[in-house]
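Report on the following structure.
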Number of protein chains: 2
Amino acid sequence: MAEDIVAGVMRQWQQVLPELDTAPMAVIGRLNRCSALLQQAADAPLRREGLTRPEFDILGTLRRTDRELTPGRIARETFASGAAVTKRLRQLEQRGLIARRPDDRDRRVTHLSLTDEGRELLDRLLPEQLGYEAALLDGLGTRNQERLAGSLGELLVLLEGRLGSLLDS
Amino acid sequence: MAEDIVAGVMRQWQQVLPELDTAPMAVIGRLNRCSALLQQAADAPLRREGLTRPEFDILGTLRRTDRELTPGRIARETFASGAAVTKRLRQLEQRGLIARRPDDRDRRVTHLSLTDEGRELLDRLLPEQLGYEAALLDGLGTRNQERLAGSLGELLVLLEGRLGSLLDS
DNA sequence: AGCATGTGTTTTATGAGTAAAAGATATTTC
DNA sequence: GAAATATCTTTTACTCATAAAACACATGCT
């Protein structure tokens with residue numbers, strides 16, 4: 001069983017400051033490091049199509065909600081700022097992957113939807129992307145993946161809940 | 001047991017594309033989301049001291065390796081670009097937290113170390129930071145944290161190993 | 001000795017993201 | 001009906017990170 005980078009870091013701390021409780025690093029440090037590596041590694045299929053991950057997320061959001069969405073709604077759904085969404089939408093529209101439709105009653109709002117081309121690209125790319133990600137996780141073992149997914153789910157619920165109470169600190 | 005955001009997204013996909021295998025999302029999607037939330041939430045003690053997380057990492061790296069390091073070495077150790085390290089070192093030096101020493105023989109290289117002030121700041125801040133992170137994880141349960149740390153360690157070993165073979169794709 | 005090579009650091013140019021302000025228009029209130 | 005208010009989108013200004021070029025110098029080879 002090889003040692004990962006974070007374990008090495010924790011061992012270093014133990015030698016220099018033996019009384020330090022480094023336990024949180026085992027979870028948070030590894031989590032951040034895994035995320036960084038995955039984000040760098042896991043988007044290869046997307047990049048081949050000239051899409052960034054946030055752009056892909058917008059296409060996916062439109063596909064899975066299966067209805068028109070406003071820019072503001074997309075911003076909330078993808079946890080991005082309005083400005084970032086504006087830029088991505090412009091880019092996606094220029095590529096012909098999404099289309100705008102003005103609202104009938106409220107001229108401030110526009111509704112976005114996938115074009116046929118956009119849907120075709122996504123439906124082709126998504127299984128490929130998921131397959132690639134599955135390959136990255138291969139070697140963990142199905143049982144381990146399930147446990148990991150479960151634990152992360154609990155943690156995520158915890159963190160989402162705690163977001164509200166973070167305004168205090 | 002509440003449902004997390006990723007579970008909701010997976011359910012949406014299941015309704016629109018029932019044959020899609022969304023299993024990787026359960027791990028990778030949650031992992032990325034947790035990391036994003038943690039990075040936003042977990043650095044509060046640092047920010048109070050006017051330090052960014054990457055700056056804090058540099059101080060920590062110097063402290064735990066317990067010897068002088070070159071900028072290049074720090075860049076590799078903290079997974080940052082050389083340019084980013086240059087800027088952070090300048091900032092930390094101006095604040096008097098680190099000191100430069102030119103190499104005796106090779107005038108290209110400089111050696112960096114913590115000043116007394118830098119070490120004092122870190123030794124005060126690190127336990128506080130770890131305590132804060134521990135509080136964030138509280139509610140998961142010790143057993144769950146250990147399992148999570150173990151699974152993430154395995155995944156990390158896997159991903160680190162796979163980094164070399166990523167040049168192929 | 002002198003020149004090429006390699007290594008380590010810093011600067012420059014560029015791109016991406018965000019917060020805050022601006023712009024546009026509907027809705028509410030008086 | 002007019003003015004204030006609210007909401008949604010887009011633009012602007014700024015920060016931060018990176019990649020690539022530029023720079024500085026030691027080392028190795030001839």
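All residue names refer to the structure tokens as shown: chains lettered A, B, ... in order, residues numbered from 1 in each chain, ligands numbered from 1 in order.
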List the neighbours of DC25 (chain D) out to 9 Å using only C-alpha atoms (C1' of nucleotides); skip same-chain residues closer than 6 positions along the sequence, and give me the result as an mmCIF file with C-alpha atoms, in the first residue's frame.
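Now in selection-v4.cif:
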data_model
loop_
_atom_site.group_PDB
_atom_site.id
_atom_site.type_symbol
_atom_site.label_atom_id
_atom_site.label_comp_id
_atom_site.auth_asym_id
_atom_site.auth_seq_id
_atom_site.Cartn_x
_atom_site.Cartn_y
_atom_site.Cartn_z
ATOM 1 C CA ASP B 106 25.470 29.695 -6.964
ATOM 2 C CA ARG B 107 24.296 33.254 -7.315
ATOM 3 C CA ARG B 108 21.155 32.222 -9.157
#
Which residues, written as a PDB file with N, CA, C and O atoms (P, O5', C5', C4', C3', O3' and C1' of nucleotides), in the first residue's frame, have at least one atom at most 12 Å from DA26 (chain C), with only C-alpha atoms (C1' of nucleotides) counted and residues fewer than 6 positions away on the same chain left out?
ATOM      1  N   ASP A 103     -38.842  36.753 -23.427  1.00  0.00           N
ATOM      2  CA  ASP A 103     -40.098  36.495 -22.724  1.00  0.00           C
ATOM      3  C   ASP A 103     -41.211  37.340 -23.336  1.00  0.00           C
ATOM      4  O   ASP A 103     -40.991  38.448 -23.808  1.00  0.00           O
ATOM      5  N   ARG A 105     -43.934  38.575 -21.832  1.00  0.00           N
ATOM      6  CA  ARG A 105     -44.526  39.608 -21.000  1.00  0.00           C
ATOM      7  C   ARG A 105     -43.472  40.506 -20.364  1.00  0.00           C
ATOM      8  O   ARG A 105     -43.688  41.706 -20.231  1.00  0.00           O
ATOM      9  N   ASP A 106     -42.355  39.900 -19.927  1.00  0.00           N
ATOM     10  CA  ASP A 106     -41.332  40.671 -19.227  1.00  0.00           C
ATOM     11  C   ASP A 106     -40.099  40.780 -20.121  1.00  0.00           C
ATOM     12  O   ASP A 106     -39.372  39.821 -20.315  1.00  0.00           O
ATOM     13  N   ARG A 107     -39.888  41.991 -20.643  1.00  0.00           N
ATOM     14  CA  ARG A 107     -38.829  42.109 -21.651  1.00  0.00           C
ATOM     15  C   ARG A 107     -37.427  42.109 -21.056  1.00  0.00           C
ATOM     16  O   ARG A 107     -36.451  42.187 -21.787  1.00  0.00           O
ATOM     17  N   ARG A 108     -37.325  42.009 -19.725  1.00  0.00           N
ATOM     18  CA  ARG A 108     -35.986  41.898 -19.151  1.00  0.00           C
ATOM     19  C   ARG A 108     -35.427  40.496 -19.300  1.00  0.00           C
ATOM     20  O   ARG A 108     -34.228  40.288 -19.434  1.00  0.00           O
ATOM     21  N   VAL A 109     -36.298  39.541 -19.269  1.00  0.00           N
ATOM     22  CA  VAL A 109     -35.820  38.155 -19.174  1.00  0.00           C
ATOM     23  C   VAL A 109     -35.794  37.480 -20.540  1.00  0.00           C
ATOM     24  O   VAL A 109     -36.615  37.739 -21.410  1.00  0.00           O
TER      25      VAL A 109
ATOM     26  P    DT D   5     -38.168  54.386  -2.827  1.00  0.00           P
ATOM     27  O5'  DT D   5     -38.391  52.905  -3.359  1.00  0.00           O
ATOM     28  C5'  DT D   5     -39.692  52.301  -3.224  1.00  0.00           C
ATOM     29  C4'  DT D   5     -39.680  50.949  -3.904  1.00  0.00           C
ATOM     30  C3'  DT D   5     -38.385  50.153  -3.707  1.00  0.00           C
ATOM     31  O3'  DT D   5     -38.710  48.912  -3.122  1.00  0.00           O
ATOM     32  C1'  DT D   5     -39.063  50.157  -5.987  1.00  0.00           C
ATOM     33  P    DA D   6     -37.553  47.924  -2.696  1.00  0.00           P
ATOM     34  O5'  DA D   6     -37.699  46.855  -3.864  1.00  0.00           O
ATOM     35  C5'  DA D   6     -39.008  46.441  -4.268  1.00  0.00           C
ATOM     36  C4'  DA D   6     -38.901  45.477  -5.436  1.00  0.00           C
ATOM     37  C3'  DA D   6     -37.718  44.517  -5.341  1.00  0.00           C
ATOM     38  O3'  DA D   6     -38.180  43.226  -5.708  1.00  0.00           O
ATOM     39  C1'  DA D   6     -37.614  45.723  -7.378  1.00  0.00           C
ATOM     40  P    DT D   7     -37.212  41.974  -5.560  1.00  0.00           P
ATOM     41  O5'  DT D   7     -36.914  41.615  -7.087  1.00  0.00           O
ATOM     42  C5'  DT D   7     -37.982  41.579  -8.017  1.00  0.00           C
ATOM     43  C4'  DT D   7     -37.418  41.393  -9.415  1.00  0.00           C
ATOM     44  C3'  DT D   7     -36.229  40.439  -9.489  1.00  0.00           C
ATOM     45  O3'  DT D   7     -36.428  39.590 -10.604  1.00  0.00           O
ATOM     46  C1'  DT D   7     -35.691  42.460 -10.522  1.00  0.00           C
ATOM     47  P    DC D   8     -35.778  38.147 -10.587  1.00  0.00           P
ATOM     48  O5'  DC D   8     -35.023  38.184 -11.988  1.00  0.00           O
ATOM     49  C5'  DC D   8     -35.747  38.574 -13.156  1.00  0.00           C
ATOM     50  C4'  DC D   8     -34.784  39.144 -14.171  1.00  0.00           C
ATOM     51  C3'  DC D   8     -33.487  38.334 -14.344  1.00  0.00           C
ATOM     52  O3'  DC D   8     -33.454  37.790 -15.654  1.00  0.00           O
ATOM     53  C1'  DC D   8     -33.071  40.682 -14.240  1.00  0.00           C
TER      54       DC D   8
END
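Atom pair CA of Ser81 (chain B) / CA of Pro54 (chain A) has a distance of 22.8 Å (rounded to one decimal).
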Exercise. When DSSP works through the backbone of this structure, what residues of region 16-124 of chain A end up as strand (DSSP E or B), shown as a ChimeraX atom specification?
Worked result: /A:69,98-102,110-114
For this session: With a cut-off of 6 Å and counting only C-alpha atoms, select all residues of chain B in contact with chain A and give the selection as a VMD selection string.
Result: chain B and resid 4 12 to 13 24 26 to 27 32 34 to 35 64 134 149 156 to 157
